[in-house]
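Let me begin by presenting the structure, written as C-alpha cells, before commenting on it.
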Amino acid sequence: PATEGARKLGGSDVTLPAGRIGLGCWSWGNTSFWNEGSWTAENRQQAGETYAAAEAAGVAFWDTAEAYDYPQGVESSEKMLGEFAAASEYLATGEGKAVTPPVIVTKFAPLPWKLGREAVTKAARASNEKLGVEADVYLLHWPFFGQEDHLDGLADAYEQGLVKAVGVSNYSADMLRAAHKQLAARGVPLATCQSQYSLLWPNPERNGLLRACEDLGVDLMAYSPLCQGLLTGKYSESNLPSGPRGQIFAPLAKELAPLSQLLREVGDAHDGASPTQVALNWLLCSSERVVPIPGANKPAHATEAAGALGWRMSDEEAEELRRVAAAVRERSVAGNPIGGLLEKALVNV
C-alpha cells in the first residue's frame, strides 16, 4: 500500500491511517449528476469492489453525506458505505486478517426546514443509523441562515459522543474563522473544512480560505480535486464527460490540451505517474493542510488515488502546473459571459 503514515485530522483525535488522502462517495447511488442517470446492480457491485480496492491499497478515509440520498440518488451512499465496511470487517475477521477500521466523514444538510441545534443532533443520529456505526467526523454541508444554531448543534453532537470530530463545508475564510471561534468557546475543536480545490479551481488560494486553514490548524479537505474528471487525462474538447459534466466543463475542455500534456510530462518524470496522480500530488504539495478526496466508484479509481502518495514533485514542477492551469482557466473564461459571471459569483466556493 502506498501510504505515508498515520496523521491526525486537524486538531482532532481522529487519525487518518494512510496519511493525506481520502475517497468520496457522492456518485454512489446518484442518478442526477453521475452514472448517466441510472443506478444498476453492476454499479452497486463496482462500488463495493471500490471499497475493497481502497482497503487493499491502504486508504480508509471516506467522505459521504445525507444530501447524497434522494432526490439526488436512488440509494443511500451512507447505507452502502456502512454495508461495505461491515462486510469487509466480517470477512477479514473470519479469515484472521487485520482490518483498519474506516474513518468516515458525513455531513448535515442545512435545508430551510431543518432549523435549530436539535436538527443537527437528530440528523447525526439518523446518519449513524444508516452507517451502522458512529461517524468519525460530522460537517455542516453548506452555510445557511441560522448557522450559529447549527454550529451549536455540531458542538452538541460532539459533546454527546455522536461523532468524534466536527467541521464545515463550503465556507468562506471569514465564515470559517467565525465558526472556529464559536466552537472554541465551547472547547470543541474545528478539525476540517471542505472546499472545492484543484489545479483548475484554485479558489482556496485566492480567497484566503487556505491561509485561514493554515492559521487555525484546520485541515482542508479538497473535494473535486480532479475537477470532476477533467484532470484525469481522459477528456478533451472532442471527448467530453457524459451528462451534465460535459455541458458544464465544455469551455475548460476546449483549452485543456496544454495542461493535459504537462500532467503527462510530470508523471513521466516520476516513474510514470498518471495525470490523476500528478494532479492529486500537486494538491499534497500545495500545503500540509490539504487532504484531497477524489470521488471513486470503480476499483481502479481507488488504486490510482493511492498512487499519489509516497512521492512529491519539485517546487518548479508544481509552479509550472499552476501557471499552465491558470492560463487554461483564463482562456476558458475569456469571451464567455456566463463563465465570467460564475467566476465572480463563486469566488468563495
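Within each chain, counting starts at residue 1; across the C-alpha cells, chains are named A, B, ... in the order shown, with ligands numbered 1 upward in that order.
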Residues of region 25-110 of chain A that have any atom at most 12 Å from an atom of region 181-200 of chain A: could you tabulate them with the shortest-distance atom pair and the distance in Å to one decimal, using only C-alpha atoms, ordered by chain and increasing number, as CSV?
residue,atom,partner,partner_atom,distance
A:Asp63,CA,A:Gln194,CA,10.3
A:Thr64,CA,A:Gln194,CA,11.9
A:Val105,CA,A:Thr192,CA,10.2
A:Thr106,CA,A:Gln194,CA,11.3
A:Lys107,CA,A:Gln194,CA,10.4
Report task. Write out as an MDAnalysis selection string each polymer residue whose atoms come within 9 Å of Ile21 (chain A), counting only C-alpha atoms; drop sequence neighbours fewer than 2 positions from it. Result -> chainID A and resid 3 16 18:19 23 59:61 221 280 284 290:294 305:306 308:309
Query - Ser332 (chain A) environment, 7 Å, only C-alpha atoms, sequence neighbours closer than 6 positions dropped, as an NGL selection string - result: :A and (251-252 or 255)
Query raised in the report: Could you write out, as a ChimeraX atom specification, all the residues of region 41-158 of chain A that DSSP marks as strand (DSSP E)?
Result: /A:61-63,103-108,137-140
Report task. Check the DSSP output for the backbone and give back, as JSON, numbers by chain, the residues of region 138-339 of chain A in alpha helix (DSSP H). Result -> {"A": [147, 148, 149, 150, 151, 152, 153, 154, 155, 156, 157, 158, 159, 173, 174, 175, 176, 177, 178, 179, 180, 181, 182, 183, 184, 203, 204, 205, 206, 209, 210, 211, 212, 213, 214, 215, 216, 244, 245, 246, 247, 248, 250, 251, 252, 253, 254, 257, 258, 259, 260, 261, 262, 263, 264, 265, 266, 267, 268, 275, 276, 277, 278, 279, 280, 281, 282, 283, 284, 285, 286, 299, 300, 301, 302, 303, 304, 305, 306, 315, 316, 317, 318, 319, 320, 321, 322, 323, 324, 325, 326, 327, 328, 329, 330, 331, 332, 333, 337, 338, 339]}
Query raised in the report: A:Gly10, A:Gly22, A:Gly73, A:Gly243: which is nearest Glu304 (chain A), counting only C-alpha atoms?
Result: A:Gly22
Query raised in the report: Within 10 Å of region 130-133 of chain A, counting only C-alpha atoms, which residues qualify if same-chain residues fewer than 4 places away don't, as a PyMOL selection string?
Result: chain A and resi 66+76-86+104+106+124-126+162-163
Report task. Write out as number ranges by chain the residues lying within 7 Å of Ser236 (chain A), counting only C-alpha atoms and excluding same-chain residues fewer than 2 positions away. Result -> A: 238-240, 253-254, 256-257
**Report entry** Proximity to Ala327 (chain A) - best of A:Ala41, A:Leu259, A:Glu134, A:Asn35, only C-alpha atoms
**Finding:**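 Comparing A:Ala41, A:Leu259, A:Glu134, A:Asn35 against Ala327 (chain A), the winner is A:Leu259.
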Query raised in the report: For the atom pair CA of Val278 (chain A) and CA of Arg264 (chain A), what is the interatomic distance in Å to one decimal place?
Result: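 According to the coordinates, CA of Val278 (chain A) and CA of Arg264 (chain A) are separated by 8.1 Å.
Using only C-alpha atoms, the smallest distance between any of A:Ala165, A:Ala52, A:Leu176, A:Leu220 and Ser88 (chain A) comes from A:Ala52.
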Report task. Give the answer as one residue: which of A:Lys122, A:Arg322, A:Arg312, A:Lys114 has the shortest atom-to-atom distance to Asp271 (chain A), using only C-alpha atoms? Result -> A:Arg312
Query - Minimum-distance residue to Thr31 (chain A), chosen among A:Trp282, A:Tyr70, A:Tyr171, A:Trp201 (using only C-alpha atoms) - result: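 The shortest atom-to-atom distance to Thr31 (chain A) comes from A:Tyr70.
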Requested in this report: Find the spatial neighbours of Thr40 (chain A), counting only C-alpha atoms, within a cut-off of 12 Å - ignore same-chain residues fewer than 2 positions away - and output them as a VMD selection string.
Outcome: chain A and resid 28 to 31 35 to 38 42 to 47 73 to 75
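Of the residues listed (A:Gly5, A:Pro110, A:Gly229, A:Pro275), A:Gly229 shows the shortest atom-to-atom separation from Gly246 (chain A); distances use only C-alpha atoms.
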